[in-house]
Amino acid sequence: MAPKKLGLKQRYAHMTRGLDWETSYQPMDAVYPFDSFEGIKIKDWSAWEDPFRLTMDAYWKFQGEKERKLYAVLDAFAQNNGQTGISDARYANVLKLFLTGVSPLEYQAHRGFAFAGRHLRGVGPRVACQMQSLDELRHVQTQIHTISHYNKYFDGISEFRHMHDRVWYLSVPKSFFDDARSAGPFEYMIAIGFAFEYVLTNLLFVPFMSGAAYNGDMSTVTFGFSAQSDESRHMTLGIEVIKFLLEQHPDNLPIVQKWVDKWFWRGHRVLGLVAMMMDYMLPKPVMSWKEAWEIYFTEAGGSLFTDLARYGLKVPKYADVATAEAEHISHQNWAIFYQYTHAAGFHTWMPDKAHLDWLSEKYPNTFDKYYRPRWEMWAEMEKQGKRFYNNALPQLCQTCQIPMGYTEPGDPTTIAFRCSEVDGETYHFCSDGCKDIFDGEPEKYAQSWLPVHQIFQGNCGGATVPDVLNWYRMNVGADNMDYVGSPDEKLWNEWHAGKVRDAV
Amino acid sequence: MSVQALDNANYAKNIEYRDPLKNFHGNMLVYVHWEEHLSFCAALAFPLPPAMPFGALVSEVIAPHYAAHPDAARIDWSKVTWMIDGKSVTPDMGASLEANGMKHKSLVRFWTPGLAGFKGSAS
Ligand SMILES: [Fe+2]
Ligand SMILES: [Fe+2]
Ligand SMILES: [Zn+2]
């Protein structure tokens, strides 16, 4: 008799059967030491629902298919010299920012989910976390492979891994993930699984992927698509974990609420880099950051938190402040990079008149009043041969590690200064959100590796700017400074002169 | 301790405080910010000797680092108003930073009456 073929659900049951056995040589708490110290109470792990119920063989098959498609597109892109067909070489800087700032986080996510998958004693979340861990490893690989093609032509790409651990602004995304990974597995799951993958993920990937599509970068669009079906599994895991924790025990609610508040704010701060990319770095802009925030946070997040209200969970603290900041952060962040262009691993540029007009139209409440004059003043200075640089190092926020350039809620002309005093030592913050996070765990954030302070302590290659840039492995004169006058620009102009010649 | 850690008993012993005064080779950190001139995106950070006179902070550190701004040449330093760590003060230019009440990581904010950035935009 031929063996009966099992259905997917049955195969999943077989795959996970017995994985949650009770240990006998060692007490369960010794085998799973990490899932109790955070104070989360779980009564019944078997109540975990895995709506995907993906078996390993189905997983391999499905992912393998996607890989084949992706690499076929990448090959075609390389053969057709797709890099010459992007909207403008300025666009390549979006990829530099992505590869140095985001791709290493995919790797961190891989490590983080492997950890959660090992240390949560419930079998459902363990399997889901291990699959997500593999997905994230695949994401970092496909991103490196895709962008490596651009590395053949453009500067600022080759040392992405080294830079991620050292360069001042990359400490912002790096410390975000270090914070999550040095927490317990439940906080990690709320931080990355729920706050990042569920609440904020569309604000990260949609701008990059639609930006790629608008600007002729079909290779990046394809890795985006290749990750998309993974993301729907990740979002499901994120929403599942929060519902599970809130259903298991009422004592979990205040702990989870504190994490949601914290990770919403931390995520919002990191996404400021995306805001700047959307509003300033895309030669063909897709939509403004403010519009994206309205669609993906105000509307989508609004209905999510309405749904979660039945568990007693509230909208993250300072969500209103973050929404008000959507009028400002992209402008404030691009201004930071413009004045520190000598220390940035990608090129900056002065927005031209058409772009300023686009920003005026997208930001009628704020741009003409507060930010357009800043660009016009700097444009005038450029014309006089006095391009504006900031020649000192900025004060950084102890929590988010971003230069303290954000303004008071309701007053865009005054920087927000916040501080806390602990054991006679002062710590400075960019916002109430960052101060609250510090005040919740001062012993953790007193250990922040703040690039500016590390430079002054002599831990970053030397005392001068060239010493530090050398320690970053920044190729001075090629990786950094303005796009205008860069080797990237020169190459781009040559390609285009060639295209014109061929056409004649 | 407010951190919840796997090993709560030993966490405090292993904290690596990154930025105590002793790590800065005899200097202390000072942050300076020119109000209503947001071309300078954030307060500036400097490691400075605590014995430096406040007047030297103004002439040797503050003035040159803000000189790139078109308003800088028009600053009347005798009319500048100062705030140190949230308190409005009239610094003693001849006295040291320390004698002016400053410590490691103090924040100095200053306003320049009549100058409010490019076309009054605080830029
Ligand atoms: Fe990912
Ligand atoms: Fe993901
Ligand atoms: Zn902050």
# chains A, B, ... in the order shown; residues from 1 in each chain; ligands from 1
$ interface_residues --of "chain B" --to "chain A" --cutoff "6 Å" --atoms "only C-alpha atoms" --output "ChimeraX atom specification"
/B:2-3,6,16-18,24,41-45,122-123
$ residues_around --residues "segment 301-314 of chain A" --least-positions-apart "6" --cutoff "9 Å" --atoms "only C-alpha atoms" --output "list in words"
Val199, Leu200, Lys243, Leu246, Glu247, Pro250, Leu253, Pro254, Val256, Gln257 and Ile295 of chain A
$ select_by_dssp --residues "segment 345-448 of chain A" --states "helix (DSSP H, G or I)" --output "PyMOL selection string"
chain A and resi 353-362+367-383+432-440+442-445
$ write_last_selection --atoms "N, CA and C atoms" --output "short mmCIF file (atom, residue, chain, number, x, y, z; two decimals), in the first residue's frame"
data_model
loop_
_atom_site.label_atom_id
_atom_site.label_comp_id
_atom_site.auth_asym_id
_atom_site.auth_seq_id
_atom_site.Cartn_x
_atom_site.Cartn_y
_atom_site.Cartn_z
N LYS A 353 16.08 74.44 -7.30
CA LYS A 353 14.87 75.25 -7.13
C LYS A 353 13.59 74.42 -7.30
N ALA A 354 13.58 73.54 -8.31
CA ALA A 354 12.39 72.72 -8.54
C ALA A 354 12.12 71.84 -7.32
N HIS A 355 13.19 71.34 -6.72
CA HIS A 355 13.01 70.47 -5.55
C HIS A 355 12.52 71.28 -4.34
N LEU A 356 13.06 72.48 -4.18
CA LEU A 356 12.60 73.35 -3.09
C LEU A 356 11.11 73.65 -3.26
N ASP A 357 10.70 73.87 -4.52
CA ASP A 357 9.28 74.15 -4.78
C ASP A 357 8.42 72.93 -4.42
N TRP A 358 8.93 71.75 -4.74
CA TRP A 358 8.20 70.52 -4.39
C TRP A 358 8.03 70.42 -2.86
N LEU A 359 9.11 70.74 -2.13
CA LEU A 359 9.04 70.68 -0.67
C LEU A 359 8.08 71.74 -0.12
N SER A 360 8.10 72.94 -0.74
CA SER A 360 7.16 73.99 -0.30
C SER A 360 5.72 73.52 -0.45
N GLU A 361 5.48 72.81 -1.55
CA GLU A 361 4.13 72.33 -1.82
C GLU A 361 3.74 71.21 -0.85
N LYS A 362 4.71 70.33 -0.55
CA LYS A 362 4.40 69.20 0.33
C LYS A 362 4.33 69.60 1.80
N PHE A 367 7.67 74.55 5.57
CA PHE A 367 8.90 74.63 4.78
C PHE A 367 9.31 76.07 4.46
N ASP A 368 8.38 76.87 3.97
CA ASP A 368 8.75 78.24 3.59
C ASP A 368 9.16 79.08 4.80
N LYS A 369 8.54 78.78 5.92
CA LYS A 369 8.80 79.59 7.11
C LYS A 369 10.14 79.23 7.76
N TYR A 370 10.43 77.96 7.87
CA TYR A 370 11.60 77.58 8.67
C TYR A 370 12.77 77.01 7.87
N TYR A 371 12.50 76.25 6.83
CA TYR A 371 13.59 75.50 6.21
C TYR A 371 14.05 76.06 4.87
N ARG A 372 13.13 76.59 4.09
CA ARG A 372 13.55 77.15 2.80
C ARG A 372 14.60 78.27 2.98
N PRO A 373 14.39 79.16 3.97
CA PRO A 373 15.42 80.20 4.17
C PRO A 373 16.80 79.61 4.47
N ARG A 374 16.83 78.48 5.18
CA ARG A 374 18.12 77.86 5.51
C ARG A 374 18.83 77.41 4.22
N TRP A 375 18.08 76.75 3.33
CA TRP A 375 18.69 76.29 2.08
C TRP A 375 19.08 77.48 1.20
N GLU A 376 18.26 78.52 1.21
CA GLU A 376 18.58 79.68 0.38
C GLU A 376 19.82 80.42 0.89
N MET A 377 19.94 80.48 2.19
CA MET A 377 21.14 81.09 2.76
C MET A 377 22.39 80.29 2.38
N TRP A 378 22.30 78.99 2.52
CA TRP A 378 23.46 78.14 2.20
C TRP A 378 23.75 78.16 0.70
N ALA A 379 22.70 78.27 -0.12
CA ALA A 379 22.91 78.35 -1.57
C ALA A 379 23.66 79.64 -1.92
N GLU A 380 23.26 80.71 -1.26
CA GLU A 380 23.96 81.98 -1.47
C GLU A 380 25.43 81.85 -1.07
N MET A 381 25.66 81.22 0.06
CA MET A 381 27.04 81.04 0.52
C MET A 381 27.84 80.18 -0.47
N GLU A 382 27.20 79.14 -1.01
CA GLU A 382 27.87 78.31 -2.01
C GLU A 382 28.29 79.15 -3.21
N LYS A 383 27.36 80.02 -3.63
CA LYS A 383 27.64 80.86 -4.80
C LYS A 383 28.83 81.77 -4.56
N ASP A 432 11.63 64.33 25.00
CA ASP A 432 11.04 63.67 26.17
C ASP A 432 11.03 62.16 25.97
N GLY A 433 10.80 61.73 24.71
CA GLY A 433 10.78 60.29 24.43
C GLY A 433 12.11 59.64 24.79
N CYS A 434 13.21 60.25 24.35
CA CYS A 434 14.52 59.68 24.63
C CYS A 434 14.88 59.78 26.11
N LYS A 435 14.45 60.87 26.76
CA LYS A 435 14.72 61.00 28.20
C LYS A 435 13.97 59.92 28.99
N ASP A 436 12.72 59.68 28.64
CA ASP A 436 11.95 58.65 29.35
C ASP A 436 12.60 57.28 29.23
N ILE A 437 13.12 56.98 28.04
CA ILE A 437 13.74 55.68 27.83
C ILE A 437 14.97 55.54 28.72
N PHE A 438 15.78 56.59 28.76
CA PHE A 438 16.96 56.59 29.63
C PHE A 438 16.53 56.44 31.09
N ASP A 439 15.57 57.25 31.52
CA ASP A 439 15.16 57.23 32.92
C ASP A 439 14.62 55.86 33.32
N GLY A 440 14.10 55.11 32.35
CA GLY A 440 13.61 53.76 32.64
C GLY A 440 14.72 52.77 32.92
N PRO A 442 18.59 53.73 33.39
CA PRO A 442 19.80 54.56 33.26
C PRO A 442 21.09 53.74 33.24
N GLU A 443 21.10 52.60 33.93
CA GLU A 443 22.35 51.81 33.98
C GLU A 443 22.69 51.25 32.61
N LYS A 444 21.68 51.05 31.77
CA LYS A 444 21.95 50.53 30.44
C LYS A 444 22.50 51.63 29.54
N TYR A 445 21.84 52.78 29.54
CA TYR A 445 22.23 53.83 28.58
C TYR A 445 23.43 54.65 29.04
#
$ residues_near_ligand --ligand "ligand 1" --cutoff "9 Å" --atoms "only C-alpha atoms and all ligand atoms" --output "list in words"
Ser103, Leu105, Glu106, Tyr107, Ala109, His110, Gln132, Ser133, Asp135, Glu136, Leu137, Arg138, His139, Val140, Glu197, Ala227, Asp230, Glu231 and His234 of chain A
$ residues_near_ligand --ligand "ligand 3" --cutoff "6 Å" --atoms "only C-alpha atoms and all ligand atoms" --output "PyMOL selection string"
chain A and resi 397+399-400+429-431+434
$ atom_distance --atom1 "atom CA of Ala47 of chain A" --atom2 "atom CA of Leu245 of chain A"
10.5 Å
$ residues_around --residues "Pro49 of chain B" --least-positions-apart "4" --cutoff "7 Å" --atoms "only C-alpha atoms" --output "list in words"
Gly26, Asn27 and Met28 of chain B
$ write_last_selection --atoms "C-alpha atoms" --output "PDB file, in the first residue's frame"
ATOM      1  CA  GLY B  26      42.207  66.319  32.013  1.00  0.00           C
ATOM      2  CA  ASN B  27      39.495  68.029  29.998  1.00  0.00           C
ATOM      3  CA  MET B  28      35.814  68.254  30.669  1.00  0.00           C
TER       4      MET B  28
END
